[in-house]
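Student: The following block contains the structure, expressed as structure tokens.
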Amino acid sequence: MRDRYRVSWLLGDSHLLMRDRRTSVRLTSGRRLELRVPKDCGRDFRERVVQKWQRGLLRDRAQTLVTEWAARLDVETPSVGIKRMKTKWGACTPAANRIWLNLELIKKPPECISYLVLHEITHLIERNHGEVFVAFLDRHMPNWRTNRDKLNAEPLAHEEWSDIAKR
């Protein structure tokens with residue numbers, strides 16, 4: 001049984017989110033996300049179900065990008081961590097050969113995710129955002145500034161759960 005609809009963001013596009021009784025999330029045709037949860041579940045449960053699904057999507061996409069960029073840049077492939085961050089899109093821990101990505105990235109267009117992965121992997125080579133860092137980005141992704149601006153043009157988090165919370 002379907003009830004209430006709302007908008008959810010995925011890879012830069014808005015999708016109509018539909019709820020159902022079973023617990024799952026899937027992308028259907030017509031730019032719809034179908035959320036299946038028990039009718040009596042709370043807002044926090046619904047949000048956790050969607051975030052778990054988003055985390056898996058971002059992990060798969062990011063792992064592919066990290067593997068590709070690491071090979072192109074001839075660096076050891078770093079491990080990828082995903083967590084919710086309040087003020088940053090990503091972070092790099094060179095000593096652990098690890099990059100961290102903000103879960104909110106899954107809501108941004110694919111080119112923004114690719115840019116951020118390159119940005120964080122570049123920190124494995126050049127720690128600071130100085131001239132060497134910028135020249136490296138220019139060489140490997142000439143349009144990186146456009147992708148960065150697109151990434152930062154919208155707020156870090158979309159307001160998605162406000163209408164569900166009212167129920």
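Ligands are numbered from 1 in the order shown, chains are lettered A, B, ... in the order of the structure tokens, and residues start at 1 in each chain.
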Would you list the contacts of segment 137-146 of chain A as a PyMOL selection string, taking every protein, DNA or RNA residue within 9 Å and counting only C-alpha atoms, but skipping same-chain residues closer than 3 positions in sequence?
Tutor: chain A and resi 72-73+112+115+118-119+122+132-134+149-151
Student: Restricting it to N, CA and C atoms, dump the selection as a compact mmCIF listing (two decimals), in the first residue's frame.
Tutor:
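Result written to out-v5.txt:
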# COMPACT_ATOMS: atom_id res chain seq x y z
N ARG A 72 45.27 6.04 -12.39
CA ARG A 72 45.72 7.12 -13.28
C ARG A 72 46.84 7.95 -12.66
N LEU A 73 46.79 8.13 -11.36
CA LEU A 73 47.77 8.96 -10.67
C LEU A 73 48.96 8.16 -10.15
N CYS A 112 30.52 15.93 -9.54
CA CYS A 112 30.93 16.51 -8.26
C CYS A 112 31.61 15.45 -7.39
N TYR A 115 35.06 14.83 -8.85
CA TYR A 115 35.96 15.92 -8.47
C TYR A 115 36.43 15.74 -7.02
N LEU A 118 38.99 12.97 -6.65
CA LEU A 118 40.29 13.43 -7.14
C LEU A 118 40.92 14.40 -6.15
N HIS A 119 40.15 15.34 -5.64
CA HIS A 119 40.65 16.32 -4.67
C HIS A 119 41.28 15.62 -3.47
N THR A 122 44.42 13.65 -4.32
CA THR A 122 45.53 14.58 -4.56
C THR A 122 46.21 14.93 -3.24
N VAL A 132 51.09 23.81 -6.30
CA VAL A 132 51.34 22.45 -6.79
C VAL A 132 50.03 21.67 -6.82
N PHE A 133 49.23 21.81 -5.78
CA PHE A 133 47.93 21.14 -5.69
C PHE A 133 47.02 21.58 -6.84
N VAL A 134 46.92 22.90 -7.04
CA VAL A 134 46.06 23.46 -8.08
C VAL A 134 46.53 23.02 -9.46
N ASP A 149 32.45 24.39 -7.94
CA ASP A 149 31.42 25.41 -7.77
C ASP A 149 30.02 24.80 -7.77
N LYS A 150 29.82 23.81 -8.62
CA LYS A 150 28.52 23.12 -8.66
C LYS A 150 28.27 22.39 -7.34
N LEU A 151 29.31 21.76 -6.80
CA LEU A 151 29.20 21.06 -5.53
C LEU A 151 28.83 22.01 -4.40
Student: Give the helix (DSSP H, G or I) residues of chain A, as assigned by DSSP on the backbone, as a VMD selection string.
Tutor: chain A and resid 43 to 73 94 to 96 103 to 107 110 to 125 131 to 140 144 to 152 162 to 165
Student: Near segment 95-100 of chain A, within 7 Å and counting only C-alpha atoms, which residues show up once chain neighbours fewer than 4 positions away are dropped, as JSON, numbers by chain?
Tutor: {"A": [78, 79, 80, 81, 82, 90, 91, 120]}
Student: Those same residues, written as a CSV table (one decimal), in the first residue's frame with C-alpha atoms?
Tutor:
chain,number,residue,atom,x,y,z
A,78,PRO,CA,43.3,4.4,-0.5
A,79,SER,CA,40.5,3.0,1.5
A,80,VAL,CA,37.2,4.8,1.5
A,81,GLY,CA,35.2,5.8,4.5
A,82,ILE,CA,31.8,7.4,4.4
A,90,GLY,CA,35.5,15.1,2.3
A,91,ALA,CA,38.8,14.6,4.2
A,120,GLU,CA,41.1,14.0,-1.7
Student: Kindly assemble as JSON lines a list of the segment 41-160 of chain A residues that lie within 6 Å of segment 8-12 of chain A, each paired with its nearest atom pair and their distance in Å to one decimal, using only C-alpha atoms, sorted first by chain and then by ascending residue number.
Tutor:
{"residue": "A:Ile106", "atom": "CA", "partner": "A:Leu11", "partner_atom": "CA", "distance": 5.5}
{"residue": "A:Lys107", "atom": "CA", "partner": "A:Leu10", "partner_atom": "CA", "distance": 4.2}
{"residue": "A:Lys108", "atom": "CA", "partner": "A:Gly12", "partner_atom": "CA", "distance": 4.2}
{"residue": "A:Pro109", "atom": "CA", "partner": "A:Gly12", "partner_atom": "CA", "distance": 4.0}
{"residue": "A:Pro110", "atom": "CA", "partner": "A:Leu11", "partner_atom": "CA", "distance": 5.9}
Student: Generate a file of the selected residues that holds N, CA, C and O atoms, formatted as a short mmCIF file (atom, residue, chain, number, x, y, z; two decimals), in the first residue's frame.
Tutor:
data_model
loop_
_atom_site.label_atom_id
_atom_site.label_comp_id
_atom_site.auth_asym_id
_atom_site.auth_seq_id
_atom_site.Cartn_x
_atom_site.Cartn_y
_atom_site.Cartn_z
N ILE A 106 26.09 11.79 -2.09
CA ILE A 106 25.25 10.96 -2.95
C ILE A 106 24.11 11.78 -3.56
O ILE A 106 23.53 11.41 -4.57
N LYS A 107 23.83 12.93 -2.99
CA LYS A 107 22.76 13.78 -3.50
C LYS A 107 23.24 14.73 -4.60
O LYS A 107 22.44 15.44 -5.19
N LYS A 108 24.52 14.74 -4.85
CA LYS A 108 25.13 15.65 -5.82
C LYS A 108 25.35 14.95 -7.16
O LYS A 108 25.42 13.73 -7.23
N PRO A 109 25.50 15.73 -8.24
CA PRO A 109 25.76 15.14 -9.56
C PRO A 109 27.05 14.32 -9.58
O PRO A 109 27.99 14.61 -8.83
N PRO A 110 27.11 13.31 -10.44
CA PRO A 110 28.29 12.42 -10.49
C PRO A 110 29.62 13.15 -10.69
O PRO A 110 30.63 12.76 -10.11
#
Student: What is the atom CA of Arg55 of chain A-atom CA of Ser24 of chain A distance in Å, reported with one decimal?
Tutor: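 Between atom CA of Arg55 of chain A and atom CA of Ser24 of chain A the gap works out to 13.7 Å.
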Student: What are the DSSP strand (DSSP E) residues of segment 49-134 of chain A, as a PyMOL selection string?
Tutor: chain A and resi 79-83+90-93+98-102
Student: How would the residues just picked look written out with N, CA and C atoms as a PDB file, in the first residue's frame?
Tutor:
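Below is the file that was written, again.pdb:
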ATOM      1  N   SER A  79      41.834   3.466   1.082  1.00  0.00           N
ATOM      2  CA  SER A  79      40.540   2.951   1.523  1.00  0.00           C
ATOM      3  C   SER A  79      39.566   4.125   1.592  1.00  0.00           C
ATOM      4  N   VAL A  80      38.293   3.809   1.536  1.00  0.00           N
ATOM      5  CA  VAL A  80      37.250   4.835   1.512  1.00  0.00           C
ATOM      6  C   VAL A  80      36.360   4.659   2.727  1.00  0.00           C
ATOM      7  N   GLY A  81      36.145   5.745   3.444  1.00  0.00           N
ATOM      8  CA  GLY A  81      35.192   5.764   4.538  1.00  0.00           C
ATOM      9  C   GLY A  81      34.098   6.767   4.219  1.00  0.00           C
ATOM     10  N   ILE A  82      32.906   6.461   4.666  1.00  0.00           N
ATOM     11  CA  ILE A  82      31.772   7.366   4.442  1.00  0.00           C
ATOM     12  C   ILE A  82      31.162   7.682   5.799  1.00  0.00           C
ATOM     13  N   LYS A  83      30.976   8.965   6.048  1.00  0.00           N
ATOM     14  CA  LYS A  83      30.336   9.377   7.289  1.00  0.00           C
ATOM     15  C   LYS A  83      29.618  10.691   7.055  1.00  0.00           C
ATOM     16  N   GLY A  90      34.635  16.207   2.258  1.00  0.00           N
ATOM     17  CA  GLY A  90      35.542  15.078   2.346  1.00  0.00           C
ATOM     18  C   GLY A  90      36.749  15.418   3.182  1.00  0.00           C
ATOM     19  N   ALA A  91      37.561  14.401   3.430  1.00  0.00           N
ATOM     20  CA  ALA A  91      38.794  14.577   4.193  1.00  0.00           C
ATOM     21  C   ALA A  91      39.764  13.479   3.772  1.00  0.00           C
ATOM     22  N   CYS A  92      41.030  13.716   4.047  1.00  0.00           N
ATOM     23  CA  CYS A  92      42.062  12.762   3.691  1.00  0.00           C
ATOM     24  C   CYS A  92      42.959  12.523   4.898  1.00  0.00           C
ATOM     25  N   THR A  93      43.310  11.271   5.130  1.00  0.00           N
ATOM     26  CA  THR A  93      44.250  10.900   6.173  1.00  0.00           C
ATOM     27  C   THR A  93      45.416  10.181   5.493  1.00  0.00           C
ATOM     28  N   ARG A  98      43.780   6.823   3.604  1.00  0.00           N
ATOM     29  CA  ARG A  98      42.322   6.739   3.671  1.00  0.00           C
ATOM     30  C   ARG A  98      41.708   8.082   3.293  1.00  0.00           C
ATOM     31  N   ILE A  99      40.624   8.020   2.543  1.00  0.00           N
ATOM     32  CA  ILE A  99      39.846   9.228   2.301  1.00  0.00           C
ATOM     33  C   ILE A  99      38.463   9.021   2.904  1.00  0.00           C
ATOM     34  N   TRP A 100      37.913  10.119   3.376  1.00  0.00           N
ATOM     35  CA  TRP A 100      36.569  10.129   3.947  1.00  0.00           C
ATOM     36  C   TRP A 100      35.672  10.963   3.048  1.00  0.00           C
ATOM     37  N   LEU A 101      34.466  10.487   2.811  1.00  0.00           N
ATOM     38  CA  LEU A 101      33.495  11.218   2.014  1.00  0.00           C
ATOM     39  C   LEU A 101      32.239  11.441   2.829  1.00  0.00           C
ATOM     40  N   ASN A 102      31.651  12.614   2.655  1.00  0.00           N
ATOM     41  CA  ASN A 102      30.417  12.967   3.329  1.00  0.00           C
ATOM     42  C   ASN A 102      29.258  12.224   2.666  1.00  0.00           C
TER      43      ASN A 102
END
Student: Go ahead and compute the interatomic distance for atom CA of Arg61 of chain A and atom CA of Trp89 of chain A, in Å to one decimal.
Tutor: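 Computed distance, atom CA of Arg61 of chain A to atom CA of Trp89 of chain A, equals 15.3 Å.
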Student: Please indicate the distance in Å from atom CA of Leu124 of chain A to atom CA of Pro94 of chain A, rounded to one decimal place.
Tutor: 5.3 Å
Student: Excluding Val25 of chain A and any residue of its chain fewer than 6 positions from it, enumerate the residues within 9 Å of it, using only C-alpha atoms, and give them as an NGL selection string.
Tutor: :A and (19 or 33-37 or 49-50 or 53)
Student: Find the spatial neighbours of Leu65 of chain A, counting only C-alpha atoms, within a cut-off of 9 Å - ignore same-chain residues fewer than 5 positions away - and output them as a PyMOL selection string.
Tutor: chain A and resi 60+70+113-114+117-118
